[in-house]
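Asker: Okay, so here is input-v4.csv, and as you'll see once you scroll down, it has CSV, C-alpha atoms and all ligand atoms.
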chain,number,residue,atom,x,y,z
A,1,MET,CA,89.7,78.4,111.7
A,2,LEU,CA,92.7,76.9,110.0
A,3,ASP,CA,91.9,78.9,106.9
A,4,VAL,CA,92.2,82.2,108.7
A,5,ILE,CA,95.4,81.0,110.4
A,6,ARG,CA,96.8,80.0,107.0
A,7,GLN,CA,95.9,83.4,105.5
A,8,ARG,CA,97.5,85.4,108.4
A,9,ARG,CA,100.6,87.0,107.1
A,10,SER,CA,102.5,90.0,108.4
A,11,VAL,CA,101.3,93.0,106.5
A,12,ARG,CA,103.7,95.9,106.0
A,13,SER,CA,102.0,98.0,103.3
A,14,PHE,CA,98.6,99.5,103.6
A,15,VAL,CA,96.1,101.6,101.5
A,16,LYS,CA,95.1,105.0,102.9
A,17,ASN,CA,91.5,104.0,103.9
A,18,ALA,CA,90.7,104.4,107.5
A,19,VAL,CA,89.8,101.4,109.6
A,20,GLU,CA,86.1,101.6,110.6
A,21,LYS,CA,85.5,101.9,114.3
A,22,GLU,CA,83.3,98.7,114.3
A,23,LYS,CA,86.1,96.7,112.7
A,24,LEU,CA,88.7,98.2,115.1
A,25,ASN,CA,86.5,97.2,118.0
A,26,GLU,CA,86.1,93.6,116.8
A,27,VAL,CA,89.9,93.4,116.6
A,28,LEU,CA,90.3,94.8,120.1
A,29,LYS,CA,87.5,92.5,121.3
A,30,ALA,CA,89.5,89.5,120.0
A,31,ALA,CA,92.6,90.8,121.9
A,32,MET,CA,90.6,91.0,125.1
A,33,PHE,CA,89.1,87.5,124.7
A,34,ALA,CA,92.6,86.1,124.8
A,35,PRO,CA,93.6,83.9,127.7
A,36,THR,CA,95.8,85.5,130.4
A,37,ALA,CA,97.6,84.0,133.4
A,38,LYS,CA,95.4,83.9,136.4
A,39,HIS,CA,92.9,85.9,134.2
A,40,LEU,CA,94.7,89.1,135.3
A,41,ARG,CA,94.3,90.8,131.9
A,42,PRO,CA,97.5,93.0,132.4
A,43,TRP,CA,97.3,94.6,128.9
A,44,GLU,CA,96.2,98.0,127.7
A,45,PHE,CA,95.8,98.9,124.1
A,46,ILE,CA,96.7,102.4,122.8
A,47,VAL,CA,95.2,103.3,119.4
A,48,VAL,CA,97.4,105.9,117.7
A,49,THR,CA,96.0,107.7,114.6
A,50,ASN,CA,97.8,111.0,114.9
A,51,GLU,CA,100.2,111.4,111.9
A,52,THR,CA,103.0,113.0,113.9
A,53,LYS,CA,102.9,110.3,116.5
A,54,LYS,CA,102.8,107.5,113.9
A,55,ILE,CA,105.9,108.9,112.3
A,56,GLU,CA,107.6,109.1,115.6
A,57,LEU,CA,106.6,105.6,116.5
A,58,SER,CA,107.9,104.3,113.2
A,59,LYS,CA,111.4,105.6,114.3
A,60,ALA,CA,111.3,103.5,117.5
A,61,THR,CA,113.2,100.5,116.0
A,62,PRO,CA,115.0,99.8,112.7
A,63,TYR,CA,112.1,97.4,111.8
A,64,ALA,CA,109.2,99.7,112.4
A,65,SER,CA,109.6,102.2,109.5
A,66,PHE,CA,106.5,101.0,107.6
A,67,ALA,CA,104.3,101.6,110.7
A,68,LYS,CA,103.7,105.3,109.8
A,69,ASP,CA,101.9,104.3,106.6
A,70,ALA,CA,99.2,102.4,108.5
A,71,PRO,CA,96.0,104.3,109.3
A,72,LEU,CA,96.5,103.4,112.9
A,73,ILE,CA,98.9,101.7,115.2
A,74,ILE,CA,97.8,99.6,118.2
A,75,VAL,CA,100.4,99.8,121.0
A,76,ILE,CA,100.2,96.9,123.4
A,77,CYS,CA,101.5,97.6,126.9
A,78,TYR,CA,101.1,95.9,130.2
A,79,ASP,CA,100.9,96.6,133.9
A,80,ILE,CA,104.0,95.1,135.7
A,81,ASN,CA,101.9,94.8,138.9
A,82,LYS,CA,99.5,92.4,137.3
A,83,GLY,CA,101.1,89.0,137.6
A,84,ASN,CA,104.4,87.9,136.0
A,85,ARG,CA,103.4,86.4,132.7
A,86,PHE,CA,102.6,89.6,130.9
A,87,LYS,CA,104.8,89.0,127.9
A,88,GLU,CA,103.0,85.7,127.2
A,89,ASP,CA,99.6,87.4,127.8
A,90,CYS,CA,100.4,90.2,125.4
A,91,SER,CA,101.8,87.9,122.8
A,92,ILE,CA,98.6,85.8,122.8
A,93,ALA,CA,96.5,89.0,122.5
A,94,ALA,CA,98.7,90.1,119.6
A,95,GLU,CA,98.0,86.8,117.8
A,96,ASN,CA,94.3,87.3,118.4
A,97,ILE,CA,94.7,90.8,116.8
A,98,TYR,CA,96.5,89.2,113.8
A,99,LEU,CA,93.7,86.7,113.4
A,100,GLU,CA,90.7,88.9,113.8
A,101,ALA,CA,92.4,91.4,111.4
A,102,VAL,CA,92.4,88.7,108.7
A,103,ASN,CA,88.7,88.0,109.5
A,104,GLN,CA,87.9,91.7,109.0
A,105,GLY,CA,89.8,91.9,105.7
A,106,LEU,CA,92.5,93.9,107.5
A,107,GLY,CA,96.2,93.3,108.0
A,108,THR,CA,98.7,93.9,110.8
A,109,CYS,CA,102.2,93.0,111.9
A,110,PHE,CA,103.9,92.4,115.3
A,111,VAL,CA,106.6,95.0,115.6
A,112,GLN,CA,109.0,94.3,118.5
A,113,ILE,CA,110.2,97.1,120.7
A,114,ALA,CA,113.6,95.8,121.8
A,115,ASP,CA,116.1,97.1,119.2
A,116,GLY,CA,116.8,100.8,119.5
A,117,THR,CA,117.7,103.5,117.0
A,118,GLU,CA,119.4,106.9,117.0
A,119,ALA,CA,116.0,108.6,117.4
A,120,ASP,CA,115.3,106.8,120.7
A,121,ALA,CA,118.9,106.9,122.0
A,122,GLY,CA,118.9,103.1,122.1
A,123,ASN,CA,115.9,102.8,124.3
A,124,PRO,CA,112.8,102.3,122.2
A,125,GLU,CA,110.6,101.4,125.1
A,126,GLU,CA,111.3,104.6,127.1
A,127,TYR,CA,110.9,106.6,123.9
A,128,VAL,CA,107.4,105.1,123.3
A,129,LYS,CA,106.4,105.4,126.9
A,130,LYS,CA,107.3,109.1,127.0
A,131,MET,CA,105.6,109.8,123.7
A,132,LEU,CA,102.3,108.2,124.7
A,133,ASP,CA,102.3,109.2,128.4
A,134,ILE,CA,102.4,105.5,129.5
A,135,PRO,CA,102.6,105.4,133.3
A,136,GLU,CA,105.8,104.3,135.1
A,137,ASN,CA,104.5,100.8,136.1
A,138,TYR,CA,103.7,99.8,132.5
A,139,ARG,CA,106.0,98.3,129.9
A,140,VAL,CA,105.5,98.2,126.1
A,141,GLN,CA,105.2,94.8,124.4
A,142,CYS,CA,104.9,95.7,120.7
A,143,LEU,CA,103.4,98.0,118.1
A,144,MET,CA,100.7,96.6,115.7
A,145,PRO,CA,100.1,98.8,112.7
A,146,LEU,CA,96.6,98.0,111.4
A,147,GLY,CA,94.9,98.8,108.1
A,148,TYR,CA,93.7,97.4,104.7
A,149,PRO,CA,96.6,95.6,103.0
A,150,ALA,CA,97.9,97.3,99.8
A,151,LYS,CA,98.4,93.9,98.2
A,152,PRO,CA,97.3,90.3,98.8
A,153,SER,CA,99.7,88.1,100.7
A,154,ALA,CA,100.4,84.5,99.9
A,155,PRO,CA,98.9,82.2,102.5
A,156,HIS,CA,101.0,79.7,104.4
A,157,LYS,CA,101.6,76.5,102.5
A,158,ASP,CA,101.0,72.9,103.5
A,159,GLU,CA,104.8,72.3,103.2
A,160,GLU,CA,105.3,74.4,106.3
A,161,PHE,CA,103.7,71.7,108.3
A,162,ASP,CA,107.0,69.9,109.1
A,163,LEU,CA,106.5,66.5,110.7
A,164,LYS,CA,110.2,66.5,111.6
A,165,LYS,CA,109.4,69.2,114.2
A,166,VAL,CA,106.9,67.0,115.9
A,167,HIS,CA,108.2,64.7,118.6
A,168,TYR,CA,106.3,62.0,120.5
A,169,GLU,CA,107.1,61.1,124.1
A,170,ARG,CA,110.7,62.5,124.0
A,171,PHE,CA,112.7,64.9,121.8
A,201,LIG,C1,108.2,88.4,118.4
A,201,LIG,C2,108.1,88.9,117.0
A,201,LIG,C3,108.7,90.1,116.6
A,201,LIG,C4,108.6,90.6,115.3
A,201,LIG,N1,109.1,91.8,115.1
A,201,LIG,C5,109.0,92.4,113.9
A,201,LIG,C6,109.4,93.7,113.6
A,201,LIG,O1,110.0,94.3,114.5
A,201,LIG,N2,109.2,94.2,112.4
A,201,LIG,C7,108.6,93.5,111.4
A,201,LIG,O2,108.4,94.0,110.3
A,201,LIG,N3,108.1,92.2,111.6
A,201,LIG,C8,108.3,91.7,112.8
A,201,LIG,N4,107.7,90.4,113.1
A,201,LIG,C9,107.0,89.7,112.0
A,201,LIG,C10,107.8,88.5,111.5
A,201,LIG,O3,108.9,89.0,110.7
A,201,LIG,C11,106.9,87.6,110.7
A,201,LIG,O4,106.0,87.0,111.6
A,201,LIG,C12,107.7,86.4,110.1
A,201,LIG,O5,108.6,86.9,109.1
A,201,LIG,C13,106.8,85.4,109.5
A,201,LIG,O6,105.9,86.0,108.5
A,201,LIG,P1,104.3,85.9,108.6
A,201,LIG,O7,104.0,86.6,109.9
A,201,LIG,O8,103.8,86.6,107.4
A,201,LIG,O9,103.9,84.5,108.7
A,201,LIG,C14,107.8,89.9,114.3
A,201,LIG,C15,107.2,88.7,114.7
A,201,LIG,C16,107.3,88.2,116.0
A,201,LIG,C17,106.5,87.0,116.3
Could you spell out this file's structure in structure tokens?
Ligand SMILES: Cc1cc2nc3c(=O)[nH]c(=O)nc-3n(C[C@H](O)[C@H](O)[C@H](O)COP(=O)(O)O)c2cc1C

Answerer:
Amino acid sequence: MLDVIRQRRSVRSFVKNAVEKEKLNEVLKAAMFAPTAKHLRPWEFIVVTNETKKIELSKATPYASFAKDAPLIIVICYDINKGNRFKEDCSIAAENIYLEAVNQGLGTCFVQIADGTEADAGNPEEYVKKMLDIPENYRVQCLMPLGYPAKPSAPHKDEEFDLKKVHYERF
């Protein structure tokens, strides 16, 4: 397991090849096996492959421009009526997506949806909701472009295990 965690990097360039449905489903399965507060499973996953929509999504924030080049984008959103720990729930699902992507030879990246652009008049979340017909009672957590990496990424290094960040009994 630590090997997959070490290899997991944020991937921002992709080859053109489509992601096979079986692999996509394994990645989505990993997301839905994630723990959620009170087991409420507040998330929904929108898979976007349409070229125009991908281009529009990549304009949602200043840090999403590469998303259009992925064969698909998973948009994670959550029902605000299902508990109150949805951000945590969705973030854990996102990490499971990251990890199963590695396991499938794929790559992805967590793209936040907080910083706006001119295209979305400073409100990226509303922009994404409108574009994808997301109901009123849902919010958007992040975009996760998914595809085969264009180049290998360096795995995390042992030096990143920093014992100075570990505290026992008190800070
Ligand atoms: C909450 C969160 C928000 C992030 N937002 C973005 C983003 O908007 N665009 C992007 O390219 N990367 C984004 N990232 C990816 C980080 O830049 C990346 O995880 C970090 O640089 C460490 O690199 P690694 O994922 O390869 O280990 C985000 C990651 C997290 C956890």

Asker: Could you make a table, as CSV, of the residues of chain A that have an atom within 12 Å of an atom of ligand LIG 201 (chain A), each with its nearest atom pair and distance in Å to one decimal, counting only C-alpha atoms and all ligand atoms, in chain and number order?

Answerer:
residue,atom,partner,partner_atom,distance
A:Val4,CA,A:LIG201,O9,11.9
A:Ile5,CA,A:LIG201,O9,9.3
A:Arg6,CA,A:LIG201,O9,8.6
A:Gln7,CA,A:LIG201,O9,8.7
A:Arg8,CA,A:LIG201,O9,6.5
A:Arg9,CA,A:LIG201,O8,3.2
A:Ser10,CA,A:LIG201,O8,3.8
A:Val11,CA,A:LIG201,O8,6.9
A:Arg12,CA,A:LIG201,O2,6.6
A:Ser13,CA,A:LIG201,O2,10.3
A:Leu57,CA,A:LIG201,O1,12.0
A:Ser58,CA,A:LIG201,N2,10.2
A:Lys59,CA,A:LIG201,O1,11.4
A:Ala60,CA,A:LIG201,O1,9.8
A:Thr61,CA,A:LIG201,O1,7.1
A:Pro62,CA,A:LIG201,O1,7.6
A:Tyr63,CA,A:LIG201,N2,4.4
A:Ala64,CA,A:LIG201,N2,5.5
A:Ser65,CA,A:LIG201,O2,8.3
A:Phe66,CA,A:LIG201,O2,7.7
A:Ala67,CA,A:LIG201,O2,8.6
A:Lys87,CA,A:LIG201,C1,10.1
A:Glu88,CA,A:LIG201,C1,10.6
A:Cys90,CA,A:LIG201,C1,10.6
A:Ser91,CA,A:LIG201,C1,7.8
A:Ile92,CA,A:LIG201,C17,10.3
A:Ala93,CA,A:LIG201,C17,11.9
A:Ala94,CA,A:LIG201,C17,9.0
A:Glu95,CA,A:LIG201,C17,8.6
A:Tyr98,CA,A:LIG201,O7,8.8
A:Leu99,CA,A:LIG201,O7,10.9
A:Val102,CA,A:LIG201,O8,11.7
A:Gly107,CA,A:LIG201,O8,10.1
A:Thr108,CA,A:LIG201,O7,9.1
A:Cys109,CA,A:LIG201,C9,5.8
A:Phe110,CA,A:LIG201,C14,4.7
A:Val111,CA,A:LIG201,O1,3.6
A:Gln112,CA,A:LIG201,O1,4.1
A:Ile113,CA,A:LIG201,O1,6.8
A:Ala114,CA,A:LIG201,O1,8.3
A:Asp115,CA,A:LIG201,O1,8.2
A:Gly116,CA,A:LIG201,O1,10.7
A:Pro124,CA,A:LIG201,O1,11.5
A:Gln141,CA,A:LIG201,C1,9.3
A:Cys142,CA,A:LIG201,C3,7.9
A:Leu143,CA,A:LIG201,O1,8.4
A:Met144,CA,A:LIG201,C6,9.4
A:Pro145,CA,A:LIG201,O2,9.9
A:Pro152,CA,A:LIG201,O8,11.4
A:Ser153,CA,A:LIG201,O8,8.0
A:Ala154,CA,A:LIG201,O8,8.5
A:Pro155,CA,A:LIG201,O8,8.2
A:His156,CA,A:LIG201,O9,7.1
A:Lys157,CA,A:LIG201,O9,10.4
A:Glu160,CA,A:LIG201,O9,10.5

Asker: As an exercise, work out the distance from CA of Ile74 in chain A to CA of Ile46 in chain A in Å and give it to one decimal place.

Answerer: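 Atom-to-atom, CA of Ile74 in chain A and CA of Ile46 in chain A are spaced 5.5 Å apart.
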
Asker: Give the answer as one residue: which of A:Pro42, A:Pro35, A:Pro71, A:Gly83 has the shortest atom-to-atom distance to Asn96 in chain A, using all atoms listed in the file?

Answerer: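 When distances to Asn96 in chain A are compared using all atoms listed in the file, the smallest one comes from A:Pro35.
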
Asker: Which residue, A:Val75, A:Asp89, A:Glu56, A:Asp158, has the smallest gap to Thr36 in chain A when you use only C-alpha atoms?

Answerer: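 Answer, going by the shortest atom-to-atom distance: A:Asp89.
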
Asker: In Å, how far is it from CA of Ala150 in chain A to CA of Asp69 in chain A?

Answerer: 10.5 Å

Asker: CA of Asn25 in chain A and CA of Asn81 in chain A are how many Å apart?

Answerer: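 Distance reported for this atom pair: 26.1 Å.
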
Asker: Which residue is closest to Glu26 in chain A? Choose from A:Glu126, A:Ile97, A:Leu163, A:Tyr168 and count only C-alpha atoms.

Answerer: A:Ile97

Asker: Closest to Asn103 in chain A among A:Tyr148, A:Phe14, A:Phe171, A:Phe161, using all atoms listed in the file?

Answerer: A:Tyr148

Asker: Regenerate range 62-93 of chain A at the level of N, CA and C atoms and dump it as an mmCIF file, in the frame of the given file.

Answerer:
data_model
loop_
_atom_site.group_PDB
_atom_site.id
_atom_site.type_symbol
_atom_site.label_atom_id
_atom_site.label_comp_id
_atom_site.auth_asym_id
_atom_site.auth_seq_id
_atom_site.Cartn_x
_atom_site.Cartn_y
_atom_site.Cartn_z
ATOM 1 N N PRO A 62 114.610 99.830 114.166
ATOM 2 C CA PRO A 62 115.000 99.800 112.700
ATOM 3 C C PRO A 62 113.964 99.018 111.909
ATOM 4 N N TYR A 63 113.065 98.277 112.574
ATOM 5 C CA TYR A 63 112.100 97.400 111.800
ATOM 6 C C TYR A 63 110.699 97.901 111.901
ATOM 7 N N ALA A 64 110.539 99.191 112.210
ATOM 8 C CA ALA A 64 109.200 99.700 112.400
ATOM 9 C C ALA A 64 108.852 100.803 111.358
ATOM 10 N N SER A 65 109.765 101.029 110.408
ATOM 11 C CA SER A 65 109.600 102.200 109.500
ATOM 12 C C SER A 65 108.292 102.243 108.772
ATOM 13 N N PHE A 66 107.758 101.059 108.433
ATOM 14 C CA PHE A 66 106.500 101.000 107.600
ATOM 15 C C PHE A 66 105.277 101.388 108.475
ATOM 16 N N ALA A 67 105.432 101.413 109.792
ATOM 17 C CA ALA A 67 104.300 101.600 110.700
ATOM 18 C C ALA A 67 103.563 102.942 110.411
ATOM 19 N N LYS A 68 104.319 103.932 110.012
ATOM 20 C CA LYS A 68 103.700 105.300 109.800
ATOM 21 C C LYS A 68 102.699 105.272 108.678
ATOM 22 N N ASP A 69 102.779 104.316 107.759
ATOM 23 C CA ASP A 69 101.900 104.300 106.600
ATOM 24 C C ASP A 69 100.550 103.567 106.913
ATOM 25 N N ALA A 70 100.432 102.992 108.090
ATOM 26 C CA ALA A 70 99.200 102.400 108.500
ATOM 27 C C ALA A 70 98.212 103.457 108.976
ATOM 28 N N PRO A 71 96.906 103.281 108.760
ATOM 29 C CA PRO A 71 96.000 104.300 109.300
ATOM 30 C C PRO A 71 95.977 104.400 110.791
ATOM 31 N N LEU A 72 96.351 103.303 111.446
ATOM 32 C CA LEU A 72 96.500 103.400 112.900
ATOM 33 C C LEU A 72 97.472 102.355 113.401
ATOM 34 N N ILE A 73 97.957 102.620 114.599
ATOM 35 C CA ILE A 73 98.900 101.700 115.200
ATOM 36 C C ILE A 73 98.323 101.343 116.631
ATOM 37 N N ILE A 74 98.185 100.039 116.899
ATOM 38 C CA ILE A 74 97.800 99.600 118.200
ATOM 39 C C ILE A 74 99.103 99.356 119.014
ATOM 40 N N VAL A 75 99.258 100.054 120.130
ATOM 41 C CA VAL A 75 100.400 99.800 121.000
ATOM 42 C C VAL A 75 99.970 98.969 122.161
ATOM 43 N N ILE A 76 100.585 97.806 122.305
ATOM 44 C CA ILE A 76 100.200 96.900 123.400
ATOM 45 C C ILE A 76 101.197 97.129 124.561
ATOM 46 N N CYS A 77 100.654 97.510 125.714
ATOM 47 C CA CYS A 77 101.500 97.600 126.900
ATOM 48 C C CYS A 77 100.877 96.869 128.047
ATOM 49 N N TYR A 78 101.648 96.680 129.129
ATOM 50 C CA TYR A 78 101.100 95.900 130.200
ATOM 51 C C TYR A 78 101.579 96.416 131.573
ATOM 52 N N ASP A 79 100.725 96.167 132.565
ATOM 53 C CA ASP A 79 100.900 96.600 133.900
ATOM 54 C C ASP A 79 101.838 95.583 134.649
ATOM 55 N N ILE A 80 103.015 96.011 135.067
ATOM 56 C CA ILE A 80 104.000 95.100 135.700
ATOM 57 C C ILE A 80 103.502 94.611 137.070
ATOM 58 N N ASN A 81 102.449 95.227 137.585
ATOM 59 C CA ASN A 81 101.900 94.800 138.900
ATOM 60 C C ASN A 81 100.802 93.767 138.747
ATOM 61 N N LYS A 82 100.524 93.383 137.504
ATOM 62 C CA LYS A 82 99.500 92.400 137.300
ATOM 63 C C LYS A 82 100.081 91.059 136.883
ATOM 64 N N GLY A 83 100.541 90.307 137.886
ATOM 65 C CA GLY A 83 101.100 89.000 137.600
ATOM 66 C C GLY A 83 102.531 89.072 137.117
ATOM 67 N N ASN A 84 102.986 87.962 136.511
ATOM 68 C CA ASN A 84 104.400 87.900 136.000
ATOM 69 C C ASN A 84 104.466 87.184 134.683
ATOM 70 N N ARG A 85 103.346 87.067 133.995
ATOM 71 C CA ARG A 85 103.400 86.400 132.700
ATOM 72 C C ARG A 85 102.837 87.317 131.599
ATOM 73 N N PHE A 86 103.135 88.625 131.819
ATOM 74 C CA PHE A 86 102.600 89.600 130.900
ATOM 75 C C PHE A 86 103.045 89.482 129.462
ATOM 76 N N LYS A 87 104.297 89.086 129.275
ATOM 77 C CA LYS A 87 104.800 89.000 127.900
ATOM 78 C C LYS A 87 104.017 87.903 127.128
ATOM 79 N N GLU A 88 103.804 86.787 127.825
ATOM 80 C CA GLU A 88 103.000 85.700 127.200
ATOM 81 C C GLU A 88 101.588 86.224 126.946
ATOM 82 N N ASP A 89 100.996 86.871 127.977
ATOM 83 C CA ASP A 89 99.600 87.400 127.800
ATOM 84 C C ASP A 89 99.503 88.319 126.642
ATOM 85 N N CYS A 90 100.457 89.231 126.534
ATOM 86 C CA CYS A 90 100.400 90.200 125.400
ATOM 87 C C CYS A 90 100.636 89.570 124.087
ATOM 88 N N SER A 91 101.499 88.557 124.056
ATOM 89 C CA SER A 91 101.800 87.900 122.800
ATOM 90 C C SER A 91 100.559 87.151 122.266
ATOM 91 N N ILE A 92 99.827 86.533 123.187
ATOM 92 C CA ILE A 92 98.600 85.800 122.800
ATOM 93 C C ILE A 92 97.567 86.830 122.289
ATOM 94 N N ALA A 93 97.447 87.951 122.992
ATOM 95 C CA ALA A 93 96.500 89.000 122.500
ATOM 96 C C ALA A 93 96.918 89.499 121.152
#
